[in-house]
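Q: This is the content of model_38.tsv (TSV, C-alpha atoms):
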chain	number	residue	atom	x	y	z
A	1	MET	CA	-57.02	-57.02	39.00
A	2	THR	CA	-55.44	-60.02	37.34
A	3	PHE	CA	-55.46	-63.63	38.49
A	4	SER	CA	-52.16	-63.45	40.39
A	5	PRO	CA	-51.55	-61.13	43.37
A	6	LEU	CA	-47.79	-60.98	42.73
A	7	LEU	CA	-48.41	-60.04	39.11
A	8	ASP	CA	-50.80	-57.31	40.27
A	9	GLN	CA	-48.13	-56.05	42.62
A	10	LEU	CA	-45.59	-55.94	39.77
A	11	ILE	CA	-48.02	-54.04	37.53
A	12	GLN	CA	-48.67	-51.57	40.35
A	13	GLY	CA	-44.93	-51.23	40.91
A	14	LEU	CA	-44.26	-50.41	37.27
A	15	ARG	CA	-46.80	-47.59	37.41
A	16	CYS	CA	-44.39	-45.48	39.46
A	17	LEU	CA	-42.35	-44.99	36.27
A	18	PRO	CA	-43.14	-41.70	34.53
A	19	GLY	CA	-45.32	-42.07	31.43
A	20	VAL	CA	-46.42	-45.60	32.31
A	21	GLY	CA	-50.18	-46.06	32.64
A	22	PRO	CA	-52.11	-49.21	33.58
A	23	LYS	CA	-52.03	-50.67	30.06
A	24	SER	CA	-48.28	-50.14	29.51
A	25	ALA	CA	-47.51	-51.45	32.98
A	26	GLN	CA	-49.47	-54.60	32.20
A	27	ARG	CA	-47.67	-55.01	28.88
A	28	MET	CA	-44.29	-54.54	30.57
A	29	ALA	CA	-45.07	-57.06	33.30
A	30	PHE	CA	-46.22	-59.70	30.80
A	31	HIS	CA	-43.18	-59.04	28.62
A	32	LEU	CA	-40.76	-59.49	31.51
A	33	LEU	CA	-42.42	-62.68	32.77
A	34	GLU	CA	-42.93	-64.23	29.36
A	35	ARG	CA	-39.85	-63.24	27.45
A	36	ASP	CA	-37.19	-61.51	29.46
A	37	ARG	CA	-36.83	-62.83	32.99
A	38	ASP	CA	-33.06	-62.24	32.87
A	39	GLY	CA	-33.62	-58.62	31.89
A	40	GLY	CA	-36.09	-58.24	34.74
A	41	LYS	CA	-33.59	-59.68	37.20
A	42	HIS	CA	-30.90	-57.29	36.00
A	43	LEU	CA	-33.31	-54.38	36.25
A	44	ALA	CA	-34.22	-55.25	39.84
A	45	ASP	CA	-30.54	-55.55	40.79
A	46	ALA	CA	-29.62	-52.30	39.05
A	47	LEU	CA	-32.50	-50.54	40.80
A	48	LEU	CA	-31.54	-51.77	44.25
A	49	GLN	CA	-27.88	-50.92	43.75
A	50	ALA	CA	-28.57	-47.46	42.35
A	51	LEU	CA	-31.10	-46.64	45.08
A	52	GLU	CA	-28.72	-47.77	47.79
A	53	HIS	CA	-25.48	-46.24	46.56
A	54	VAL	CA	-26.23	-43.26	44.31
A	55	GLY	CA	-26.25	-40.03	46.26
A	56	HIS	CA	-25.05	-36.58	45.32
A	57	CYS	CA	-21.59	-35.24	44.59
A	58	ARG	CA	-20.37	-33.12	47.51
A	59	LEU	CA	-19.13	-30.39	45.19
A	60	CYS	CA	-21.55	-30.11	42.24
A	61	ARG	CA	-24.56	-31.99	43.67
A	62	THR	CA	-25.15	-34.16	40.61
A	63	PHE	CA	-25.81	-37.90	41.05
A	64	SER	CA	-22.76	-39.83	42.11
A	65	GLU	CA	-22.01	-42.98	44.08
A	66	ASP	CA	-18.70	-41.46	45.24
A	67	GLU	CA	-18.14	-38.37	47.35
A	68	LEU	CA	-16.97	-36.51	44.25
A	69	CYS	CA	-18.44	-37.26	40.83
A	70	LEU	CA	-16.36	-38.16	37.79
A	71	LEU	CA	-16.66	-34.65	36.37
A	72	CYS	CA	-15.46	-32.94	39.55
A	73	ARG	CA	-12.54	-35.37	39.81
A	74	HIS	CA	-11.63	-34.97	36.13
A	75	GLN	CA	-8.25	-33.29	35.74
A	76	GLY	CA	-8.86	-31.95	32.25
A	77	ARG	CA	-11.83	-29.66	32.99
A	78	GLU	CA	-11.46	-25.88	32.93
A	79	LEU	CA	-11.61	-24.93	36.59
A	80	HIS	CA	-12.43	-21.26	36.07
A	81	LYS	CA	-15.78	-21.92	34.36
A	82	LEU	CA	-18.94	-22.90	36.22
A	83	CYS	CA	-22.25	-23.76	34.59
A	84	ILE	CA	-25.34	-23.72	36.81
A	85	VAL	CA	-28.19	-26.08	35.85
A	86	GLU	CA	-31.42	-27.19	37.47
A	87	THR	CA	-31.18	-30.96	37.18
A	88	PRO	CA	-28.67	-33.76	36.52
A	89	ALA	CA	-30.56	-34.40	33.26
A	90	ASP	CA	-29.78	-30.83	32.14
A	91	LEU	CA	-26.12	-31.38	32.99
A	92	LEU	CA	-26.13	-34.53	30.89
A	93	ALA	CA	-27.74	-32.75	27.95
A	94	ILE	CA	-25.00	-30.09	28.00
A	95	GLU	CA	-22.26	-32.73	28.36
A	96	GLN	CA	-23.61	-34.54	25.32
A	97	THR	CA	-23.06	-31.46	23.14
A	98	GLY	CA	-19.33	-31.79	23.84
A	99	THR	CA	-18.83	-28.01	23.65
A	100	TYR	CA	-18.44	-27.15	27.32
A	101	ARG	CA	-15.32	-28.21	29.20
A	102	GLY	CA	-15.85	-26.41	32.50
A	103	ARG	CA	-17.51	-27.65	35.66
A	104	TYR	CA	-21.10	-27.61	36.95
A	105	PHE	CA	-23.32	-26.81	39.86
A	106	VAL	CA	-26.66	-28.62	39.99
A	107	LEU	CA	-29.43	-26.84	41.90
A	108	LEU	CA	-31.66	-29.93	42.05
A	109	GLY	CA	-34.69	-27.72	41.56
A	110	HIS	CA	-35.51	-24.04	41.36
A	111	LEU	CA	-36.74	-21.37	43.74
A	112	SER	CA	-40.44	-21.78	44.36
A	113	PRO	CA	-41.66	-19.92	47.45
A	114	LEU	CA	-45.20	-21.28	47.02
A	115	ASP	CA	-43.88	-24.84	47.40
A	116	GLY	CA	-41.63	-23.78	50.25
A	117	ILE	CA	-38.44	-24.15	48.22
A	118	GLY	CA	-36.01	-21.43	49.26
A	119	PRO	CA	-32.34	-20.65	48.54
A	120	GLU	CA	-31.05	-23.22	51.06
A	121	ASP	CA	-33.04	-26.02	49.43
A	122	ILE	CA	-31.31	-25.51	46.10
A	123	GLY	CA	-27.87	-25.15	47.65
A	124	LEU	CA	-27.28	-21.46	47.01
A	125	PRO	CA	-25.18	-20.88	50.16
A	126	ALA	CA	-22.81	-23.66	49.01
A	127	LEU	CA	-22.78	-22.15	45.53
A	128	GLN	CA	-21.89	-18.70	46.85
A	129	GLN	CA	-19.14	-20.14	48.99
A	130	ARG	CA	-17.76	-22.07	46.05
A	131	ILE	CA	-17.79	-19.02	43.77
A	132	THR	CA	-15.94	-16.86	46.29
A	133	GLN	CA	-13.43	-19.55	47.26
A	134	GLU	CA	-12.56	-20.90	43.82
A	135	ALA	CA	-11.10	-18.56	41.22
A	136	ILE	CA	-14.14	-18.77	38.95
A	137	GLN	CA	-13.97	-16.28	36.11
A	138	GLU	CA	-17.08	-17.19	34.18
A	139	ILE	CA	-20.48	-18.29	35.37
A	140	ILE	CA	-22.96	-19.59	32.82
A	141	LEU	CA	-26.60	-19.77	33.85
A	142	ALA	CA	-28.50	-22.58	32.10
A	143	MET	CA	-31.80	-22.57	33.96
A	144	SER	CA	-35.03	-23.26	32.11
A	145	THR	CA	-37.19	-20.37	30.90
A	146	THR	CA	-40.07	-21.07	33.25
A	147	VAL	CA	-41.09	-18.36	35.71
A	148	GLU	CA	-39.28	-20.23	38.48
A	149	GLY	CA	-36.17	-20.71	36.34
A	150	GLU	CA	-36.07	-16.99	35.52
A	151	ALA	CA	-36.55	-16.06	39.17
A	152	THR	CA	-33.74	-18.42	40.19
A	153	ALA	CA	-31.41	-16.94	37.57
A	154	HIS	CA	-32.28	-13.45	38.79
A	155	TYR	CA	-31.69	-14.39	42.43
A	156	ILE	CA	-28.29	-15.91	41.65
A	157	THR	CA	-27.26	-12.84	39.63
A	158	GLU	CA	-28.14	-10.60	42.55
A	159	MET	CA	-26.46	-12.90	45.05
A	160	ILE	CA	-23.04	-12.83	43.35
A	161	LYS	CA	-23.15	-9.21	42.27
A	162	GLY	CA	-20.13	-8.27	44.38
A	163	VAL	CA	-17.94	-11.11	43.07
A	164	LYS	CA	-15.49	-10.36	40.26
A	165	THR	CA	-16.67	-12.76	37.58
A	166	SER	CA	-18.51	-12.60	34.31
A	167	ILE	CA	-22.05	-13.98	34.30
A	168	SER	CA	-23.77	-15.06	31.12
A	169	ARG	CA	-26.93	-16.89	30.28
A	170	ILE	CA	-27.33	-19.44	27.48
A	171	ALA	CA	-29.15	-18.02	24.44
A	172	HIS	CA	-32.85	-18.54	23.90
A	173	GLY	CA	-34.42	-18.25	20.47
A	174	ILE	CA	-35.37	-20.25	17.40
A	175	PRO	CA	-33.98	-23.83	17.53
A	176	LEU	CA	-31.62	-24.62	14.66
A	177	GLY	CA	-33.67	-25.99	11.78
A	178	GLY	CA	-36.81	-24.65	13.45
A	179	ASP	CA	-39.52	-23.40	11.13
A	180	LEU	CA	-40.60	-19.84	12.00
A	181	GLU	CA	-44.20	-20.62	11.21
A	182	TYR	CA	-44.36	-23.37	13.85
A	183	ILE	CA	-42.50	-21.56	16.64
A	184	ASP	CA	-44.64	-20.27	19.50
A	185	SER	CA	-44.97	-16.50	19.50
A	186	ARG	CA	-43.27	-15.98	22.89
A	187	THR	CA	-40.09	-17.61	21.59
A	188	LEU	CA	-40.31	-15.67	18.34
A	189	ALA	CA	-40.82	-12.37	20.19
A	190	HIS	CA	-37.85	-13.19	22.44
A	191	ALA	CA	-35.72	-14.01	19.38
A	192	PHE	CA	-36.57	-10.61	17.93
A	193	GLU	CA	-35.69	-8.75	21.09
A	194	SER	CA	-32.42	-10.66	21.45
A	195	ARG	CA	-31.33	-10.15	17.84
A	196	LEU	CA	-27.57	-9.96	17.24
A	197	LEU	CA	-26.05	-7.11	15.27
A	198	LEU	CA	-24.08	-8.47	12.31
A	199	SER	CA	-22.72	-5.25	10.87
A	200	SER	CA	-23.48	-1.60	11.29
A	201	SER	CA	-22.80	1.51	9.31
A	202	SER	CA	-24.42	4.84	9.95
A	203	VAL	CA	-27.74	5.30	8.12
A	204	ALA	CA	-27.41	9.09	8.11
A	205	GLU	CA	-24.95	10.32	5.51
B	1	MET	CA	-22.60	-42.58	29.29
B	2	THR	CA	-23.44	-40.48	32.30
B	3	PHE	CA	-21.20	-39.50	35.22
B	4	SER	CA	-22.15	-42.42	37.44
B	5	PRO	CA	-21.59	-46.10	36.52
B	6	LEU	CA	-24.48	-47.29	38.71
B	7	LEU	CA	-26.81	-44.78	37.07
B	8	ASP	CA	-25.67	-46.02	33.64
B	9	GLN	CA	-26.41	-49.55	34.76
B	10	LEU	CA	-29.91	-48.54	35.87
B	11	ILE	CA	-30.60	-46.78	32.55
B	12	GLN	CA	-29.41	-49.87	30.68
B	13	GLY	CA	-31.59	-52.06	32.90
B	14	LEU	CA	-34.70	-50.01	32.19
B	15	ARG	CA	-34.18	-50.46	28.45
B	16	CYS	CA	-35.29	-54.10	28.71
B	17	LEU	CA	-38.85	-52.80	29.18
B	18	PRO	CA	-40.86	-52.81	25.94
B	19	GLY	CA	-41.28	-49.39	24.37
B	20	VAL	CA	-38.53	-47.80	26.45
B	21	GLY	CA	-35.70	-46.23	24.44
B	22	PRO	CA	-32.54	-44.51	25.70
B	23	LYS	CA	-34.24	-41.18	26.37
B	24	SER	CA	-37.22	-42.61	28.28
B	25	ALA	CA	-34.92	-44.88	30.27
B	26	GLN	CA	-32.86	-41.87	31.29
B	27	ARG	CA	-35.97	-39.94	32.26
B	28	MET	CA	-37.26	-42.89	34.32
B	29	ALA	CA	-33.93	-43.33	36.11
B	30	PHE	CA	-33.70	-39.64	37.01
B	31	HIS	CA	-37.32	-39.63	38.14
B	32	LEU	CA	-36.83	-42.59	40.45
B	33	LEU	CA	-33.62	-41.23	41.97
B	34	GLU	CA	-34.83	-37.66	42.33
B	35	ARG	CA	-38.45	-38.03	43.27
B	36	ASP	CA	-39.57	-41.55	43.95
B	37	ARG	CA	-36.99	-43.68	45.71
B	38	ASP	CA	-39.72	-45.48	47.65
B	39	GLY	CA	-41.51	-46.34	44.40
B	40	GLY	CA	-38.25	-47.62	42.96
B	41	LYS	CA	-37.68	-49.81	46.00
B	42	HIS	CA	-41.18	-51.24	45.75
B	43	LEU	CA	-40.71	-51.87	42.05
B	44	ALA	CA	-37.45	-53.75	42.64
B	45	ASP	CA	-39.07	-55.87	45.35
B	46	ALA	CA	-42.16	-56.58	43.24
B	47	LEU	CA	-39.94	-57.58	40.32
B	48	LEU	CA	-37.82	-59.96	42.36
B	49	GLN	CA	-40.85	-61.55	44.00
B	50	ALA	CA	-42.77	-61.94	40.75
B	51	LEU	CA	-39.74	-63.34	38.90
B	52	GLU	CA	-39.06	-65.82	41.66
B	53	HIS	CA	-42.58	-67.02	42.42
B	54	VAL	CA	-44.82	-66.50	39.39
B	55	GLY	CA	-44.95	-69.60	37.23
B	56	HIS	CA	-47.79	-71.15	35.28
B	57	CYS	CA	-51.06	-72.70	36.40
B	58	ARG	CA	-50.88	-76.48	36.03
B	59	LEU	CA	-54.32	-76.62	34.44
B	60	CYS	CA	-54.77	-73.52	32.24
B	61	ARG	CA	-51.11	-72.41	31.93
B	62	THR	CA	-51.75	-68.76	32.72
B	63	PHE	CA	-49.46	-66.93	35.16
B	64	SER	CA	-49.91	-68.04	38.74
B	65	GLU	CA	-47.79	-68.27	41.87
B	66	ASP	CA	-49.84	-71.27	43.03
B	67	GLU	CA	-50.17	-74.65	41.39
B	68	LEU	CA	-53.69	-73.73	40.29
B	69	CYS	CA	-54.60	-70.16	39.40
B	70	LEU	CA	-57.50	-68.25	40.99
B	71	LEU	CA	-59.70	-68.83	37.94
B	72	CYS	CA	-59.17	-72.59	37.89
B	73	ARG	CA	-59.84	-72.79	41.64
B	74	HIS	CA	-62.94	-70.58	41.41
B	75	GLN	CA	-66.08	-72.56	42.25
B	76	GLY	CA	-68.48	-70.34	40.33
B	77	ARG	CA	-67.10	-70.78	36.82
B	78	GLU	CA	-68.99	-72.80	34.22
B	79	LEU	CA	-66.96	-75.99	33.95
B	80	HIS	CA	-68.35	-77.10	30.60
B	81	LYS	CA	-67.00	-74.10	28.69
B	82	LEU	CA	-63.38	-73.69	27.65
B	83	CYS	CA	-61.92	-70.65	25.93
B	84	ILE	CA	-58.54	-71.06	24.21
B	85	VAL	CA	-56.32	-67.98	24.01
B	86	GLU	CA	-52.73	-67.32	23.00
B	87	THR	CA	-51.47	-65.27	25.93
B	88	PRO	CA	-52.29	-64.39	29.56
B	89	ALA	CA	-52.88	-60.82	28.33
B	90	ASP	CA	-55.62	-62.10	25.99
B	91	LEU	CA	-57.19	-63.99	28.90
B	92	LEU	CA	-57.18	-60.81	30.95
B	93	ALA	CA	-58.78	-58.81	28.13
B	94	ILE	CA	-61.64	-61.32	27.92
B	95	GLU	CA	-62.02	-61.41	31.72
B	96	GLN	CA	-62.32	-57.64	31.76
B	97	THR	CA	-65.38	-57.76	29.49
B	98	GLY	CA	-67.19	-59.68	32.22
B	99	THR	CA	-69.25	-61.64	29.71
B	100	TYR	CA	-67.54	-65.02	29.85
B	101	ARG	CA	-67.90	-67.20	32.94
B	102	GLY	CA	-66.22	-70.39	31.73
B	103	ARG	CA	-62.61	-71.46	32.05
B	104	TYR	CA	-59.51	-70.97	29.91
B	105	PHE	CA	-56.58	-72.66	28.30
B	106	VAL	CA	-53.58	-70.45	27.51
B	107	LEU	CA	-51.36	-71.66	24.68
B	108	LEU	CA	-48.51	-69.27	25.57
B	109	GLY	CA	-47.81	-68.79	21.88
B	110	HIS	CA	-48.99	-70.17	18.57
B	111	LEU	CA	-47.85	-72.82	16.12
B	112	SER	CA	-44.90	-71.54	14.12
B	113	PRO	CA	-42.96	-74.32	12.40
B	114	LEU	CA	-40.37	-71.87	11.06
B	115	ASP	CA	-39.44	-70.90	14.63
B	116	GLY	CA	-39.52	-74.54	15.71
B	117	ILE	CA	-42.72	-74.10	17.75
B	118	GLY	CA	-44.76	-77.28	17.43
B	119	PRO	CA	-47.93	-78.63	19.12
B	120	GLU	CA	-46.05	-79.76	22.25
B	121	ASP	CA	-44.60	-76.29	22.82
B	122	ILE	CA	-48.03	-74.74	23.07
B	123	GLY	CA	-49.41	-77.52	25.27
B	124	LEU	CA	-51.79	-79.13	22.77
B	125	PRO	CA	-51.37	-82.68	24.16
B	126	ALA	CA	-52.42	-81.39	27.59
B	127	LEU	CA	-55.32	-79.52	25.99
B	128	GLN	CA	-56.52	-82.64	24.15
B	129	GLN	CA	-56.31	-84.69	27.34
B	130	ARG	CA	-58.24	-82.04	29.24
B	131	ILE	CA	-60.98	-81.85	26.62
B	132	THR	CA	-61.49	-85.60	26.55
B	133	GLN	CA	-61.34	-86.03	30.35
B	134	GLU	CA	-63.51	-83.09	31.41
B	135	ALA	CA	-67.08	-82.90	30.19
B	136	ILE	CA	-66.49	-79.83	28.07
B	137	GLN	CA	-69.47	-79.00	25.90
B	138	GLU	CA	-68.30	-75.81	24.27
B	139	ILE	CA	-64.90	-74.74	23.07
B	140	ILE	CA	-64.38	-71.11	22.07
B	141	LEU	CA	-61.30	-70.30	20.01
B	142	ALA	CA	-60.00	-66.78	20.63
B	143	MET	CA	-56.70	-66.82	18.77
B	144	SER	CA	-55.51	-63.74	16.94
B	145	THR	CA	-56.14	-63.39	13.20
B	146	THR	CA	-52.47	-63.63	12.20
B	147	VAL	CA	-51.43	-66.43	9.87
B	148	GLU	CA	-50.03	-68.36	12.85
B	149	GLY	CA	-53.17	-67.76	14.90
B	150	GLU	CA	-55.36	-69.05	12.07
B	151	ALA	CA	-53.13	-72.08	11.59
B	152	THR	CA	-53.28	-72.84	15.31
B	153	ALA	CA	-57.07	-72.55	15.33
B	154	HIS	CA	-57.25	-74.88	12.34
B	155	TYR	CA	-54.90	-77.41	13.96
B	156	ILE	CA	-56.93	-77.47	17.18
B	157	THR	CA	-60.20	-77.88	15.26
B	158	GLU	CA	-58.72	-80.89	13.43
B	159	MET	CA	-57.23	-82.32	16.61
B	160	ILE	CA	-60.52	-82.47	18.51
B	161	LYS	CA	-62.71	-83.45	15.57
B	162	GLY	CA	-63.69	-86.77	17.13
B	163	VAL	CA	-64.70	-85.25	20.48
B	164	LYS	CA	-68.39	-84.52	21.10
B	165	THR	CA	-68.31	-80.79	21.74
B	166	SER	CA	-69.26	-77.63	19.92
B	167	ILE	CA	-66.42	-75.47	18.66
B	168	SER	CA	-66.87	-71.80	17.90
B	169	ARG	CA	-64.61	-68.91	17.11
B	170	ILE	CA	-65.02	-65.34	18.34
B	171	ALA	CA	-66.40	-63.02	15.65
B	172	HIS	CA	-64.13	-60.82	13.57
B	173	GLY	CA	-65.44	-57.72	11.84
B	174	ILE	CA	-65.93	-54.00	12.27
B	175	PRO	CA	-65.22	-52.85	15.87
B	176	LEU	CA	-68.25	-51.26	17.55
B	177	GLY	CA	-68.17	-47.54	16.81
B	178	GLY	CA	-65.64	-48.20	14.03
B	179	ASP	CA	-65.91	-45.93	11.03
B	180	LEU	CA	-66.18	-47.91	7.78
B	181	GLU	CA	-64.01	-45.43	5.93
B	182	TYR	CA	-61.07	-45.98	8.30
B	183	ILE	CA	-61.29	-49.78	8.54
B	184	ASP	CA	-58.61	-51.71	6.64
B	185	SER	CA	-59.97	-53.48	3.59
B	186	ARG	CA	-59.13	-57.02	4.81
B	187	THR	CA	-61.33	-56.52	7.86
B	188	LEU	CA	-64.08	-54.95	5.78
B	189	ALA	CA	-63.97	-57.81	3.26
B	190	HIS	CA	-64.12	-60.32	6.12
B	191	ALA	CA	-67.07	-58.46	7.65
B	192	PHE	CA	-68.90	-58.74	4.32
B	193	GLU	CA	-68.24	-62.44	3.97
B	194	SER	CA	-69.32	-63.10	7.57
B	195	ARG	CA	-72.51	-61.04	7.33
B	196	LEU	CA	-75.40	-62.24	9.49
B	197	LEU	CA	-78.84	-62.81	8.01
B	198	LEU	CA	-81.40	-60.68	9.85
B	199	SER	CA	-84.58	-61.77	8.05
B	200	SER	CA	-85.36	-63.53	4.81
B	201	SER	CA	-88.37	-63.85	2.57
B	202	SER	CA	-88.31	-65.33	-0.90
B	203	VAL	CA	-87.48	-62.79	-3.60
B	204	ALA	CA	-89.25	-64.75	-6.31
B	205	GLU	CA	-93.05	-64.51	-6.13
As structure tokens - that is how I would like this structure written.
A:
Amino acid sequence: MTFSPLLDQLIQGLRCLPGVGPKSAQRMAFHLLERDRDGGKHLADALLQALEHVGHCRLCRTFSEDELCLLCRHQGRELHKLCIVETPADLLAIEQTGTYRGRYFVLLGHLSPLDGIGPEDIGLPALQQRITQEAIQEIILAMSTTVEGEATAHYITEMIKGVKTSISRIAHGIPLGGDLEYIDSRTLAHAFESRLLLSSSSVAE
Amino acid sequence: MTFSPLLDQLIQGLRCLPGVGPKSAQRMAFHLLERDRDGGKHLADALLQALEHVGHCRLCRTFSEDELCLLCRHQGRELHKLCIVETPADLLAIEQTGTYRGRYFVLLGHLSPLDGIGPEDIGLPALQQRITQEAIQEIILAMSTTVEGEATAHYITEMIKGVKTSISRIAHGIPLGGDLEYIDSRTLAHAFESRLLLSSSSVAE
């Protein structure tokens, strides 16, 4: 409780942001009122506009204020490649690497029967339809390595078994520059199992 | 750059919050759009309302949407005590201790000639007028221990020299529970100089 109900309301409002506790929210509110009222105004406007207009792309389901997002409308993307991710943030992370030039499908979640999230909720019927209708030659699964992510990847693999297309999964292992001694043992074990053969000549003479 | 201009605008807008970099802003924007659109709406409304209506209390200069803040209107406060702080956040910190029942004056800054902040900018004429008009018996200075805070405290002490009132300053020293070995040496030196006599008997026989 502060000395101004509207200020209290603002502090409460800021607490809906992830990672913002009571102390940070208070600091943010004071900062905006004391030093950056213009910034606060812009933030409020940007929030209202985004909340009102940003929906999902009809084709890939990422965030978009238009029916089709910029990526799906882009002429230069490779149409025969499709990368499947869990969230728009994952899509963005892949885009920022600049290595992938195909298109995406965003699940907006993962299968989680305990929470009542089934195949329809993550758009799998639409995905299947898209894969069979478009001439997609390569599908890249980029789900996270949680139990739910693995289950989702497995379900999708089973679902499109009959379709003529290659399916791959992004590699998991030691991050580049990662120190073996600080890597968790599950990752290290996985990296061992997924080792790549560099050269091979028969050991027996 | 994401795939949606309005989303970009929202991420940019969130960066005006203190302590929020590009990655956190992105995470906040995705969180609001994916999981908490209601929270986002409330935040935008709270921001607009606070920015439009919250000004400063005419008497103590803290944040208030009314001419006089709740503290200045409160009948139960001790009218003869006045605590001078730099910011509304400092006021709130003192209020939360629950030990002080007097009233406040918020400078909204500190003297800083290099930045062009003089006595008028931090309301010292109004403070002087208030001290001479009201029957204030005790003034407690609670400025921070920065160079500017010290200078401001010194200036105020000089300014009200002629007025019949006691002036004190909140104690600086080792925080309760603070470990001597981890306290910075300036604080430790100050704590030594400001030591309190517990009992005294003549050393010489």
Q: What is the distance between atom CA of A:Ile170 and atom CA of B:Pro5, in Å to one decimal?
A: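 These atoms are spaced 28.7 Å apart.
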Q: Any idea which chain A residues end up within 9 Å of chain B if we count only C-alpha atoms, as a ChimeraX atom specification please?
A: /A:1-7,9-19,24,26-34,36-37,39-51,53-55,62-66,69-71,88-89,92,95,108
Q: So which one's closest to A:Ile174, A:Ser194, A:Ser112, A:Ser199, A:Thr157? Using only C-alpha atoms, please.
A: A:Ser194
Q: Distance atom CA of A:Ile94-atom CA of A:Ser168, one decimal place?
A: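 Distance reported for this atom pair: 15.4 Å.
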Q: Can you tell me how far atom CA of B:Ala191 sits from atom CA of B:Leu141, in Å to one decimal?
A: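 That distance, rounded to one decimal, is 18.1 Å.
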Q: Please provide the set of residues having any atom within 12 Å of A:Gln129, restricted to all atoms listed in the file, with same-chain residues fewer than 5 positions apart removed, written as a PyMOL selection string.
A: chain A and resi 59+123-124+134-136+159-160+163
